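**Student:** Handing you a structure now.
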Amino acid sequence: MSCATFNVGTSLNLHGCTKHGVSNSFQSVFKCAAQNSEPSASVGIETKNNSRNAGIASSGNATCISDLDVYDGAAVISFCQKWGVGLVVVGPEAPLVAGLSNELVKAGIPTFGPSAEAAALEGSKNFMKHLCDKYDIPTAEYKTFTDPSAAKQYIQEQGAPIVIKADGLAAGKGVTVAMTLEEAYEAVDSMLVKGDFGSAGCRVIVEEYLEGEVSFFALVDGENAIPLESAQDHKRVGDGDTGPNTGGMGAYSPAPILTRELQSVVMDSIIMPTVKGMSAEGCKFVGVLYAGLMIEKKSGLPKLIEYNVRFGDPECQVLMVRLESDLAQVLLAACRGELSGVSLNWSPGSAMVVVMASKGYPGSYEKGTLIENLEEAELVAPGIKIFHAGTAFDPEGRFIATGGRVLGVTAKGNDLEEACDRAYRAVENINWSGGFYRRDIGWRALPQKQYATKG
């Protein structure tokens, strides 16, 4: 295969790495170079809005194009045609909901990512919930409100803990897990009265509180779906799952809670009914379904909490370093409706990612703080890869932090304990006074003694 791959992204550097024992199977997409047994002649392009990810820019395998507006479909199409792009992977949710895939597909450009209509699975939690109701997909009990008084009355009847969600896209910050009634009322006021989330919060979902979250991913071609490996995220900002929700402070794969038997249940009761339901609704889904699940304690069965219609951060990091199949070929098969019979190969063992974030996140934080010793940190043990999310170069060419979640320090190991040890060793070798991280990533699956002691 010799064609350019165009990766539309907004924050996370998912370029591959072939050194330090990290799997290179995904370099064809996230390094943006088509993998081949011969040296690739592909051109790699990573696109952002007015930003330049320092990790990708320094990888030597991809080019950041910072002046291309990914919301301008005509400009993106012209760019793809000029460079002979053979596959577009749309990373973030906003361009998907805005219809970028629709325009690219109409222009005949193979695109991995759902149409605007299908992206409503993430763009509107109310849409997703109604689909679950119609096609008997198990989900957490809920009610939808636009009136704050009615929402608060329902919350009072249900009691706490309870979950309040903004209906629309809120950059991963539109969910409040309220442990008290007062917290729940404040969340309702924030969304429906104060308008803190704009149009995304004009409608809220009030949902039952469940424990035992796990992430499940499937690639979909419109009619067929194949599962990826399982992963477990850590949403709360603080150790012991305390503090506000974030986009994710770390993850590991595989997730022991999601057994092979349970994965089959998820495919049969959640993923395939969703795929068939979307097809029946006239909006076939092509892309990745990232299902946020809760495993109910009493029944031991999964319930769907939410869908993302993209590879999620930080789970994607641990999945990609374990994937041994050529991802570009698989994504192209999905674009062509040819996933039936496709299987994926995974490396044995485990992977873990520890997110390093700017102090103050998920609230306000300082930008421009200096980050040092990244290259040395990748060398402290085999199988380490540091992914960049919110980084840039200062005038002297040094790495600086520009975002909330800044680095995804990822490691593979023969088992989860080894992966954890390697990831935290790398973290502790990074010099960044403006950052912090959770010290207990993997606590659900590891003994207490395994937790890191520094931070």
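Going through the structure tokens in order, the chains are called A, B, and so on, while each chain numbers its residues from 1 and the ligands are numbered from 1 in the order shown.
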Which residues are close to Glu306 of chain A, i.e. within 8 Å by only C-alpha atoms, leaving aside same-chain residues fewer than 5 positions away? Reply as a list in words.
**Tutor:** Glu122, Lys125, Met128, Ala291, Gly292 and Leu293 of chain A
**Student:** Taking only C-alpha atoms into account, produce a table as JSON lines in which each residue of segment 190-235 of chain A with an atom at most 9 Å from an atom of segment 146-157 of chain A appears once, together with its shortest atom pair and the distance in Å to one decimal, ordered by chain and rising number.
**Tutor:**
```
{"residue": "A:Met191", "atom": "CA", "partner": "A:Pro148", "partner_atom": "CA", "distance": 8.9}
{"residue": "A:Leu192", "atom": "CA", "partner": "A:Pro148", "partner_atom": "CA", "distance": 6.1}
{"residue": "A:Val193", "atom": "CA", "partner": "A:Pro148", "partner_atom": "CA", "distance": 7.2}
{"residue": "A:Gly201", "atom": "CA", "partner": "A:Thr146", "partner_atom": "CA", "distance": 9.0}
{"residue": "A:Cys202", "atom": "CA", "partner": "A:Thr146", "partner_atom": "CA", "distance": 6.4}
{"residue": "A:Arg203", "atom": "CA", "partner": "A:Thr146", "partner_atom": "CA", "distance": 4.8}
{"residue": "A:Val204", "atom": "CA", "partner": "A:Thr146", "partner_atom": "CA", "distance": 6.5}
{"residue": "A:Ile205", "atom": "CA", "partner": "A:Ala151", "partner_atom": "CA", "distance": 8.8}
{"residue": "A:Val206", "atom": "CA", "partner": "A:Ala151", "partner_atom": "CA", "distance": 7.4}
```
**Student:** Grab the residues selected above and save them as an mmCIF file, in the first residue's frame with N, CA and C atoms.
**Tutor:**
```cif
data_model
loop_
_atom_site.group_PDB
_atom_site.id
_atom_site.type_symbol
_atom_site.label_atom_id
_atom_site.label_comp_id
_atom_site.auth_asym_id
_atom_site.auth_seq_id
_atom_site.Cartn_x
_atom_site.Cartn_y
_atom_site.Cartn_z
ATOM 1 N N MET A 191 -26.069 23.736 34.337
ATOM 2 C CA MET A 191 -26.404 23.437 32.947
ATOM 3 C C MET A 191 -27.645 24.176 32.468
ATOM 4 N N LEU A 192 -28.719 24.117 33.234
ATOM 5 C CA LEU A 192 -30.009 24.628 32.769
ATOM 6 C C LEU A 192 -30.282 26.077 33.142
ATOM 7 N N VAL A 193 -29.650 26.574 34.203
ATOM 8 C CA VAL A 193 -29.920 27.938 34.650
ATOM 9 C C VAL A 193 -28.785 28.891 34.243
ATOM 10 N N GLY A 201 -25.802 22.106 27.152
ATOM 11 C CA GLY A 201 -26.469 21.878 28.425
ATOM 12 C C GLY A 201 -27.893 22.360 28.493
ATOM 13 N N CYS A 202 -28.501 22.606 27.349
ATOM 14 C CA CYS A 202 -29.899 23.060 27.331
ATOM 15 C C CYS A 202 -30.870 21.943 27.709
ATOM 16 N N ARG A 203 -30.377 20.728 27.657
ATOM 17 C CA ARG A 203 -31.163 19.563 28.073
ATOM 18 C C ARG A 203 -30.233 18.687 28.890
ATOM 19 N N VAL A 204 -30.754 18.109 29.978
ATOM 20 C CA VAL A 204 -29.912 17.269 30.836
ATOM 21 C C VAL A 204 -30.509 15.877 30.964
ATOM 22 N N ILE A 205 -29.620 14.924 31.155
ATOM 23 C CA ILE A 205 -30.000 13.550 31.437
ATOM 24 C C ILE A 205 -29.699 13.295 32.906
ATOM 25 N N VAL A 206 -30.709 12.860 33.648
ATOM 26 C CA VAL A 206 -30.506 12.466 35.043
ATOM 27 C C VAL A 206 -30.547 10.948 35.070
#
```
**Student:** When you look at Gly240 of chain A with a cut-off of 12 Å (counting only C-alpha atoms), what residues show up, excluding the ones that are within fewer than 3 positions of it in the same chain? I need them as a PyMOL selection string.
**Tutor:** chain A and resi 234-237+243-244+249+438-444+448+451
**Student:** Give me the segment 186-229 of chain A side of the contact with segment 168-181 of chain A, cut-off 7 Å, one line per residue showing its nearest atom pair and distance in Å at one decimal, counting only C-alpha atoms, sorted by chain and residue number, as CSV.
**Tutor:**
```
residue,atom,partner,partner_atom,distance
A:Ala187,CA,A:Thr176,CA,6.6
A:Phe197,CA,A:Ala170,CA,6.5
A:Ala200,CA,A:Gly168,CA,3.9
A:Gly201,CA,A:Gly168,CA,6.4
```
**Student:** Just how far from atom CA of Ala351 of chain A is atom CA of Gly383 of chain A, in Å to one decimal?
**Tutor:**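 Result for atom CA of Gly383 of chain A versus atom CA of Ala351 of chain A: 9.1 Å, one decimal.
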**Student:** Determine the nearest neighbour of Ile400 of chain A from the options A:Val266, A:Gly277, A:Thr259, A:Asn53, counting only C-alpha atoms.
**Tutor:**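 That would be A:Asn53, the residue with the smallest distance to Ile400 of chain A.
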**Student:** Run DSSP on the backbone and give me the residues of segment 205-302 of chain A it puts in strand (DSSP E or B), as JSON, numbers by chain.
**Tutor:** {"A": [205, 206, 207, 208, 213, 214, 215, 216, 217, 218, 219, 220, 221, 225, 226, 227, 231, 232, 233, 236, 237, 238, 242, 243, 244, 245, 250, 251, 252, 253, 286, 287, 288, 289, 290, 291, 292, 293, 294, 295, 302]}
**Student:** May I ask for the distance between atom CA of Ala140 of chain A and atom CA of Gly99 of chain A, given in Å to one decimal place?
**Tutor:**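 Taking atom CA of Ala140 of chain A as the start and atom CA of Gly99 of chain A as the end point, the length is 28.8 Å.
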**Student:** Please, what distance in Å, to one decimal, runs between atom CA of Lys194 of chain A and atom CA of Asn245 of chain A?
**Tutor:**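 So the answer is 19.7 Å.
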**Student:** Please list as JSON, numbers by chain every residue within 7 Å of segment 363-378 of chain A, counting only C-alpha atoms and excluding residues in the same chain fewer than 5 positions away.
**Tutor:** {"A": [358, 384, 385, 386, 399, 400, 401, 402, 403, 426, 429, 430, 431, 432, 434]}
**Student:** Which residues are close to Leu332 of chain A, i.e. within 10 Å by only C-alpha atoms, leaving aside same-chain residues fewer than 5 positions away? Reply as a PyMOL selection string.
**Tutor:** chain A and resi 86-89+110-112+221+327+337-339
**Student:** Using only C-alpha atoms, pick whichever of A:Ser340, A:Asn345, A:Ser115, A:Pro302 has the shortest atom-to-atom distance to Asp326 of chain A.
**Tutor:**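 Closest candidate: A:Asn345.
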**Student:** Write down as a PyMOL selection string the residues of segment 234-355 of chain A whose backbone DSSP state falls under helix (DSSP H, G or I).
**Tutor:** chain A and resi 260-280+315-322+327-335
**Student:** Quick one: residues within 7 Å of Leu228 of chain A, only C-alpha atoms, excluding same-chain residues fewer than 2 positions away - as a VMD selection string?
**Tutor:** chain A and resid 217 to 218 226 230
**Student:** Those residues you just picked out, can you put them in a file as a PDB file, in the first residue's frame with N, CA and C atoms?
**Tutor:**
```
ATOM      1  N   PHE A 217     -14.514  -1.358  22.986  1.00  0.00           N
ATOM      2  CA  PHE A 217     -14.397  -0.757  21.665  1.00  0.00           C
ATOM      3  C   PHE A 217     -14.731  -1.785  20.587  1.00  0.00           C
ATOM      4  N   ALA A 218     -15.390  -1.304  19.524  1.00  0.00           N
ATOM      5  CA  ALA A 218     -15.666  -2.162  18.376  1.00  0.00           C
ATOM      6  C   ALA A 218     -15.524  -1.340  17.103  1.00  0.00           C
ATOM      7  N   ILE A 226     -16.424  -5.760  14.752  1.00  0.00           N
ATOM      8  CA  ILE A 226     -15.444  -6.644  15.363  1.00  0.00           C
ATOM      9  C   ILE A 226     -14.921  -5.967  16.633  1.00  0.00           C
ATOM     10  N   SER A 230     -10.318  -5.074  25.625  1.00  0.00           N
ATOM     11  CA  SER A 230     -10.951  -4.274  26.670  1.00  0.00           C
ATOM     12  C   SER A 230      -9.940  -3.321  27.303  1.00  0.00           C
TER      13      SER A 230
END
```
**Student:** Just the residues within 6 Å of Gly408 of chain A, please, counting only C-alpha atoms, with nothing from its chain fewer than 4 positions along; format it as a list in words.
**Tutor:**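 Using only C-alpha atoms, the neighbours found are Val353, Val354, Val355, Ile386 and Phe387 of chain A.
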**Student:** In terms of the shortest atom-to-atom distance over only C-alpha atoms, which of A:Ala225, A:Met352, A:Met278, A:Ala231 is closest to Val427 of chain A?
**Tutor:** A:Met352
**Student:** Kindly indicate which residue among A:Val342, A:Ile164, A:Val406, A:Ala328 lies nearest to Tyr361 of chain A, using only C-alpha atoms for the distances.
**Tutor:**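 Using only C-alpha atoms, the shortest distance to Tyr361 of chain A belongs to A:Val406.
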